[in-house]
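A.B. asks: Have a look at this one before I ask anything.
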Amino acid sequence: MIDIHNHIIPGVDDGAKSVEIALDMIREAQRQGVSHLVLTPHLYEPDIMQGTHVWRERIKQGKAELFDAMKQADLEMSIEVRAEVRYQEWLSKIISELDVLIGGRYLLLEFSFNIVPNRIEEIIYNLVIDGITPILAHPERIVPWQNEPAKVLELIRLGCLSQIDLGSVLGSLGRSSERLANYLLEKGAVHLAGSDSHNLTSRPLLAKPGYDWLCDNYGQGLADKLLIENPERIIRGEEIEIFIPRVHEEPDTWRDKVKQWLPFNGGLR
Ligand SMILES: [Fe+2]
């Protein structure tokens, strides 16, 4: 498996608190069958207020510390470092000055859990026009979308991909996240599943239990797609095939069509 969303670099965000914890998180990833990690530290607006070089330097140091410790511990893992970028006004500056794109064209894009910009369609459109495919980080955890699930489908139709957190389907991130994650899975509107792992306790990796859950509930084909095939194509910068979800369900039969126009379904069953 390939995990494309986690917070393993020590001391750079709210993820691993020490290099020892980071090493244990990597060991745990190995144990669960992860063969490649895309490390995605948070990149918030205050992180670059003094210039993008501040974040670049912080990540460089964290990465060097981690790689040195891995060498000393004789721990091998295929790793690349990108970012989980919170939407902000300086997005284009971040993209042009920092190495944040996965596979040279995919952007793991996070929105505030409580507020989504009202011009989000324009933001997505502009990224797509620039040849960048936004990956919506855990849309199932965004409250405005929990209240209006079809909004996520509209954004996919505009050219986004969606990545759910495995904790959401396993129920550890709340009932509302679990519900929206299942809604999106049923609509064929999930393209990646990530661990979003922050530590070994409250936000553990869950790659293997998540993979098994997906196999049991949606079939091995989808589990392989979300945790192996799609991430593999994404880190190589290749296109992935997606099913474009219908935002509004069309009636399938004449009976459904008639029902739409009759008050109280006209007594039709
Ligand atoms: Fe994250």
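The way I read the labels, and the way they are meant: chains A, B, ... in the order of the structure tokens, residue 1 as the first residue of every chain, and ligand 1 as the first ligand shown, with later ones counted on from there.
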Please identify which residues in range 88-204 of chain A DSSP calls helix (DSSP H, G or I) from the backbone, and express them as an NGL selection string.

C.D. replies: :A and (91-97 or 120-129 or 139-141 or 143-147 or 150-158 or 166-169 or 175-186)

A.B. asks: Grab the residues selected above and save them as a CSV table (one decimal), in the first residue's frame with C-alpha atoms.

C.D. replies:
```
chain,number,residue,atom,x,y,z
A,91,LEU,CA,-1.7,29.4,-2.8
A,92,SER,CA,-0.2,30.3,-6.2
A,93,LYS,CA,3.0,31.6,-4.5
A,94,ILE,CA,3.2,28.3,-2.5
A,95,ILE,CA,2.8,26.2,-5.6
A,96,SER,CA,5.4,28.1,-7.6
A,97,GLU,CA,8.0,28.4,-4.8
A,120,ILE,CA,-14.5,27.6,-4.1
A,121,GLU,CA,-15.6,26.7,-7.6
A,122,GLU,CA,-13.4,29.6,-9.0
A,123,ILE,CA,-10.5,28.4,-6.9
A,124,ILE,CA,-10.8,24.9,-8.2
A,125,TYR,CA,-11.3,26.0,-11.8
A,126,ASN,CA,-8.2,28.2,-11.7
A,127,LEU,CA,-6.0,25.3,-10.4
A,128,VAL,CA,-7.4,22.9,-13.0
A,129,ILE,CA,-6.7,25.5,-15.8
A,139,PRO,CA,-13.9,16.2,2.5
A,140,GLU,CA,-16.1,14.0,4.8
A,141,ARG,CA,-14.8,15.9,7.8
A,143,VAL,CA,-18.9,20.5,8.3
A,144,PRO,CA,-20.5,22.5,5.5
A,145,TRP,CA,-20.2,19.5,3.2
A,146,GLN,CA,-21.6,17.1,5.9
A,147,ASN,CA,-24.6,19.4,5.7
A,150,ALA,CA,-23.8,17.0,-3.1
A,151,LYS,CA,-21.3,19.9,-3.0
A,152,VAL,CA,-18.4,17.4,-2.9
A,153,LEU,CA,-19.8,15.8,-6.1
A,154,GLU,CA,-20.0,19.1,-7.8
A,155,LEU,CA,-16.3,19.8,-7.0
A,156,ILE,CA,-15.4,16.4,-8.4
A,157,ARG,CA,-17.3,17.3,-11.6
A,158,LEU,CA,-15.1,20.4,-11.7
A,166,LEU,CA,-9.4,5.8,7.0
A,167,GLY,CA,-10.4,6.8,10.5
A,168,SER,CA,-13.6,8.2,9.1
A,169,VAL,CA,-14.8,4.9,7.8
A,175,ARG,CA,-20.5,9.9,13.2
A,176,SER,CA,-20.9,12.7,10.7
A,177,SER,CA,-17.6,12.0,9.0
A,178,GLU,CA,-18.4,8.3,8.9
A,179,ARG,CA,-21.8,9.1,7.3
A,180,LEU,CA,-20.4,11.4,4.6
A,181,ALA,CA,-17.5,9.0,3.8
A,182,ASN,CA,-20.0,6.2,3.2
A,183,TYR,CA,-22.2,8.5,1.1
A,184,LEU,CA,-19.2,9.4,-1.1
A,185,LEU,CA,-18.1,5.7,-1.4
A,186,GLU,CA,-21.6,4.7,-2.4
```

A.B. asks: Per residue of chain A within 10 Å of ligand 1, what are the shortest atom pair and its distance in Å to one decimal, counting only C-alpha atoms and all ligand atoms, with rows by chain and residue number, as CSV?

C.D. replies:
```
residue,atom,partner,partner_atom_place_in_ligand_line,distance
A:Ile4,CA,ligand 1,1 (Fe),9.8
A:His5,CA,ligand 1,1 (Fe),6.1
A:Asn6,CA,ligand 1,1 (Fe),5.8
A:His7,CA,ligand 1,1 (Fe),6.5
A:Asp13,CA,ligand 1,1 (Fe),9.9
A:Asp14,CA,ligand 1,1 (Fe),9.3
A:Gly15,CA,ligand 1,1 (Fe),8.7
A:Leu39,CA,ligand 1,1 (Fe),9.7
A:Thr40,CA,ligand 1,1 (Fe),7.0
A:Pro41,CA,ligand 1,1 (Fe),7.2
A:His42,CA,ligand 1,1 (Fe),6.6
A:Leu43,CA,ligand 1,1 (Fe),9.9
A:Ala83,CA,ligand 1,1 (Fe),8.9
A:Glu84,CA,ligand 1,1 (Fe),6.2
A:Val85,CA,ligand 1,1 (Fe),9.1
A:Arg86,CA,ligand 1,1 (Fe),9.7
A:Leu108,CA,ligand 1,1 (Fe),9.1
A:Leu109,CA,ligand 1,1 (Fe),9.6
A:Glu110,CA,ligand 1,1 (Fe),8.0
A:Ala137,CA,ligand 1,1 (Fe),7.2
A:His138,CA,ligand 1,1 (Fe),8.1
A:Asp165,CA,ligand 1,1 (Fe),8.6
A:Gly194,CA,ligand 1,1 (Fe),8.8
A:Ser195,CA,ligand 1,1 (Fe),8.4
A:Asp196,CA,ligand 1,1 (Fe),4.7
A:Ser197,CA,ligand 1,1 (Fe),7.3
A:His198,CA,ligand 1,1 (Fe),7.7
```

A.B. asks: List the spatial neighbours of Leu222 in chain A as a VMD selection string - criterion: any atom at most 10 Å away, only C-alpha atoms, same-chain residues fewer than 5 positions off excluded.

C.D. replies: chain A and resid 185 188 190 to 192 211 214 to 215 217 227 to 229

A.B. asks: Generate a file of the selected residues that holds C-alpha atoms, formatted as an mmCIF file, in the first residue's frame.

C.D. replies:
```cif
data_model
loop_
_atom_site.group_PDB
_atom_site.id
_atom_site.type_symbol
_atom_site.label_atom_id
_atom_site.label_comp_id
_atom_site.auth_asym_id
_atom_site.auth_seq_id
_atom_site.Cartn_x
_atom_site.Cartn_y
_atom_site.Cartn_z
ATOM 1 C CA LEU A 185 -18.107 5.709 -1.357
ATOM 2 C CA GLY A 188 -18.179 6.235 -6.462
ATOM 3 C CA VAL A 190 -13.725 8.582 -3.474
ATOM 4 C CA HIS A 191 -10.404 8.273 -5.285
ATOM 5 C CA LEU A 192 -7.891 7.856 -2.467
ATOM 6 C CA TYR A 211 -7.993 -1.754 3.787
ATOM 7 C CA LEU A 214 -13.001 -1.419 2.497
ATOM 8 C CA CYS A 215 -12.643 -5.031 1.249
ATOM 9 C CA ASN A 217 -17.824 -3.318 2.715
ATOM 10 C CA LEU A 227 -4.798 2.349 -1.363
ATOM 11 C CA ILE A 228 -2.588 0.862 -4.091
ATOM 12 C CA GLU A 229 -3.460 1.613 -7.723
#
```
